[in-house]
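**Q** Contents are PDB, C-alpha atoms; file name query-v9.pdb:
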MODEL        1
ATOM      1  CA  ALA Y   1      67.074  50.816 149.245  1.00  0.00           C
ATOM      2  CA  ARG Y   2      70.049  51.705 147.099  1.00  0.00           C
ATOM      3  CA  SER Y   3      69.413  53.241 143.731  1.00  0.00           C
ATOM      4  CA  SER Y   4      72.695  51.974 142.305  1.00  0.00           C
ATOM      5  CA  ASP Y   5      75.538  49.594 143.016  1.00  0.00           C
ATOM      6  CA  ARG Y   6      77.992  52.328 142.074  1.00  0.00           C
ATOM      7  CA  ILE Y   7      79.664  54.650 144.549  1.00  0.00           C
ATOM      8  CA  SER Y   8      79.584  58.337 143.658  1.00  0.00           C
ATOM      9  CA  THR Y   9      82.689  60.413 143.019  1.00  0.00           C
ATOM     10  CA  GLN Y  10      82.069  62.251 146.272  1.00  0.00           C
ATOM     11  CA  GLY Y  11      81.612  58.921 148.027  1.00  0.00           C
ATOM     12  CA  VAL Y  12      85.077  57.844 146.852  1.00  0.00           C
ATOM     13  CA  ARG Y  13      86.600  61.139 148.057  1.00  0.00           C
ATOM     14  CA  ASP Y  14      84.903  60.802 151.443  1.00  0.00           C
ATOM     15  CA  LEU Y  15      86.011  57.185 151.842  1.00  0.00           C
ATOM     16  CA  VAL Y  16      89.637  57.969 150.919  1.00  0.00           C
ATOM     17  CA  ARG Y  17      89.696  60.904 153.350  1.00  0.00           C
ATOM     18  CA  LYS Y  18      88.163  58.797 156.162  1.00  0.00           C
ATOM     19  CA  VAL Y  19      90.637  55.937 155.693  1.00  0.00           C
ATOM     20  CA  ALA Y  20      93.611  58.340 155.422  1.00  0.00           C
ATOM     21  CA  ILE Y  21      92.616  60.019 158.677  1.00  0.00           C
ATOM     22  CA  GLU Y  22      92.136  56.674 160.457  1.00  0.00           C
ATOM     23  CA  ALA Y  23      95.526  55.448 159.183  1.00  0.00           C
ATOM     24  CA  GLU Y  24      97.186  58.810 159.907  1.00  0.00           C
ATOM     25  CA  VAL Y  25      98.502  59.039 156.351  1.00  0.00           C
ATOM     26  CA  ARG Y  26     100.409  62.291 155.892  1.00  0.00           C
ATOM     27  CA  PRO Y  27     100.967  63.057 152.205  1.00  0.00           C
ATOM     28  CA  PHE Y  28     104.278  64.328 150.885  1.00  0.00           C
ATOM     29  CA  PHE Y  29     104.201  67.544 148.892  1.00  0.00           C
ATOM     30  CA  VAL Y  30     106.541  68.415 146.040  1.00  0.00           C
ATOM     31  CA  ASP Y  31     108.440  70.857 148.273  1.00  0.00           C
ATOM     32  CA  GLY Y  32     109.195  68.020 150.732  1.00  0.00           C
ATOM     33  CA  THR Y  33     106.762  69.064 153.451  1.00  0.00           C
ATOM     34  CA  ARG Y  34     104.119  66.750 154.869  1.00  0.00           C
ATOM     35  CA  GLY Y  35     100.413  67.415 154.778  1.00  0.00           C
ATOM     36  CA  ASP Y  36      97.495  66.567 157.002  1.00  0.00           C
ATOM     37  CA  PRO Y  37      95.602  63.273 156.521  1.00  0.00           C
ATOM     38  CA  SER Y  38      92.503  65.246 155.531  1.00  0.00           C
ATOM     39  CA  GLU Y  39      94.440  66.446 152.455  1.00  0.00           C
ATOM     40  CA  VAL Y  40      94.728  62.938 150.973  1.00  0.00           C
ATOM     41  CA  THR Y  41      92.586  62.688 147.844  1.00  0.00           C
ATOM     42  CA  PRO Y  42      92.098  60.076 145.134  1.00  0.00           C
ATOM     43  CA  HIS Y  43      94.123  62.318 142.805  1.00  0.00           C
ATOM     44  CA  ALA Y  44      96.971  62.500 145.331  1.00  0.00           C
ATOM     45  CA  LEU Y  45      96.976  58.691 145.436  1.00  0.00           C
ATOM     46  CA  ARG Y  46      97.160  58.642 141.634  1.00  0.00           C
ATOM     47  CA  HIS Y  47     100.240  60.873 141.722  1.00  0.00           C
ATOM     48  CA  SER Y  48     101.719  58.641 144.416  1.00  0.00           C
ATOM     49  CA  VAL Y  49     101.539  55.654 142.077  1.00  0.00           C
ATOM     50  CA  ALA Y  50     103.512  57.546 139.431  1.00  0.00           C
ATOM     51  CA  TYR Y  51     106.111  58.838 141.905  1.00  0.00           C
ATOM     52  CA  ARG Y  52     106.645  55.360 143.329  1.00  0.00           C
ATOM     53  CA  MET Y  53     106.936  53.851 139.862  1.00  0.00           C
ATOM     54  CA  MET Y  54     109.496  56.427 138.762  1.00  0.00           C
ATOM     55  CA  ASN Y  55     111.517  56.086 141.971  1.00  0.00           C
ATOM     56  CA  ALA Y  56     111.434  52.286 142.075  1.00  0.00           C
ATOM     57  CA  GLU Y  57     114.441  50.284 141.071  1.00  0.00           C
ATOM     58  CA  ASP Y  58     112.301  48.274 138.653  1.00  0.00           C
ATOM     59  CA  GLY Y  59     113.431  50.381 135.701  1.00  0.00           C
ATOM     60  CA  ASN Y  60     109.985  51.853 135.026  1.00  0.00           C
ATOM     61  CA  THR Y  61     109.820  54.340 132.183  1.00  0.00           C
ATOM     62  CA  LEU Y  62     107.460  57.196 131.449  1.00  0.00           C
ATOM     63  CA  TYR Y  63     105.720  54.781 129.076  1.00  0.00           C
ATOM     64  CA  ASP Y  64     105.092  52.395 131.986  1.00  0.00           C
ATOM     65  CA  VAL Y  65     103.652  55.271 134.019  1.00  0.00           C
ATOM     66  CA  ARG Y  66     101.529  56.406 131.071  1.00  0.00           C
ATOM     67  CA  ASN Y  67     100.137  52.912 130.673  1.00  0.00           C
ATOM     68  CA  ARG Y  68      99.378  52.534 134.384  1.00  0.00           C
ATOM     69  CA  LEU Y  69      97.664  55.924 134.616  1.00  0.00           C
ATOM     70  CA  ARG Y  70      96.002  55.446 131.228  1.00  0.00           C
ATOM     71  CA  HIS Y  71      97.073  58.795 129.831  1.00  0.00           C
ATOM     72  CA  ARG Y  72      96.039  59.091 126.216  1.00  0.00           C
ATOM     73  CA  SER Y  73      99.294  60.775 125.238  1.00  0.00           C
ATOM     74  CA  ILE Y  74     102.865  60.333 126.482  1.00  0.00           C
ATOM     75  CA  SER Y  75     103.197  64.128 126.377  1.00  0.00           C
ATOM     76  CA  THR Y  76     100.712  64.363 129.265  1.00  0.00           C
ATOM     77  CA  THR Y  77     102.851  62.002 131.326  1.00  0.00           C
ATOM     78  CA  GLU Y  78     106.037  63.858 130.381  1.00  0.00           C
ATOM     79  CA  ARG Y  79     104.565  67.240 131.297  1.00  0.00           C
ATOM     80  CA  ILE Y  80     103.559  66.058 134.769  1.00  0.00           C
ATOM     81  CA  TYR Y  81     106.337  63.608 135.695  1.00  0.00           C
ATOM     82  CA  ASP Y  82     109.361  64.479 133.571  1.00  0.00           C
ATOM     83  CA  HIS Y  83     111.116  66.094 136.566  1.00  0.00           C
ATOM     84  CA  LEU Y  84     111.298  62.653 138.214  1.00  0.00           C
ATOM     85  CA  ILE Y  85     113.607  61.215 135.584  1.00  0.00           C
ATOM     86  CA  GLU Y  86     117.130  60.819 136.885  1.00  0.00           C
ATOM     87  CA  VAL Y  87     119.739  61.944 134.385  1.00  0.00           C
TER      88      VAL Y  87
ENDMDL
END
So that I can check it, write out the structure of this file as structure tokens.
**A**
Amino acid sequence: ARSSDRISTQGVRDLVRKVAIEAEVRPFFVDGTRGDPSEVTPHALRHSVAYRMMNAEDGNTLYDVRNRLRHRSISTTERIYDHLIEV
């Protein structure tokens, strides 16, 4: 019997890792190298959303990224993703 309908934080990590390995997902690192599927984490997927949004031709702004990631402050988004803005 299950004690809860909720999956634990570790359960999410384990599931993401398992699926990444099965799909042979190799994450990109900031330096351009590729990682091993076992290195894919929920947090890495979160960063991937922001990178894709900032690199898309949809005209996404840091405010769009902040709203998607639900950062409380735009300064948090700027600190992490400001280097992605094309000048």
**Q** Which residue out of Y:Glu22, Y:Asp5, Y:Glu57, Y:Asp64 has the minimum interatomic distance to Ser38 in chain Y when all atoms listed in the file are used?
**A**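 Residue with the minimum atom-to-atom distance to Ser38 in chain Y: Y:Glu22.
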**Q** Neighbouring residues of Glu24 in chain Y were defined as those with any atom within 10 Å, considering all atoms listed in the file; residues of the same chain fewer than 6 positions away were excluded. Please report them as JSON, numbers by chain.
**A** {"Y": [18, 36, 37, 38]}
**Q** Carefully work through the PyMOL selection byres ((chain Y and resi 54) around 10) for this structure and note down the residues it includes, as a list in words.
**A**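 Selected by the PyMOL selection byres ((chain Y and resi 54) around 10) here: Ser48, Val49, Ala50, Tyr51, Arg52, Met53, Asn55, Ala56, Glu57, Asp58, Gly59, Asn60, Thr61, Leu62, Asp64, Val65, Tyr81, Asp82, Leu84, Ile85 and Glu86 of chain Y.
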**Q** Using only C-alpha atoms, which of Y:Ser8, Y:Thr33, Y:Thr41, Y:Asn67 sits nearest Ala20 in chain Y?
**A**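 Looking at the shortest contact to Ala20 in chain Y, the residue is Y:Thr41.
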**Q** Rounded to one decimal in Å, what is the spacing between CA of His83 in chain Y and CA of Glu39 in chain Y?
**A** 23.0 Å
**Q** Could you jot down the CA of Thr77 in chain Y to CA of Pro42 in chain Y separation for me, Å, one decimal place?
**A** 17.6 Å
**Q** Mind giving me the straight-line distance from CA of Arg26 in chain Y to CA of Arg6 in chain Y in Å, one decimal?
**A**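 Taking CA of Arg26 in chain Y as the start and CA of Arg6 in chain Y as the end point, the length is 28.2 Å.
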**Q** From the options Y:Arg79, Y:Ser73, Y:Val16, Y:Arg68, which residue's atoms come nearest to His43 in chain Y, counting only C-alpha atoms?
**A** Y:Val16
**Q** Rank nothing, just name the residue among Y:Arg17, Y:Asp31, Y:Thr9, Y:Arg72 nearest to Ala44 in chain Y, using only C-alpha atoms.
**A**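 The shortest atom-to-atom distance to Ala44 in chain Y comes from Y:Arg17.
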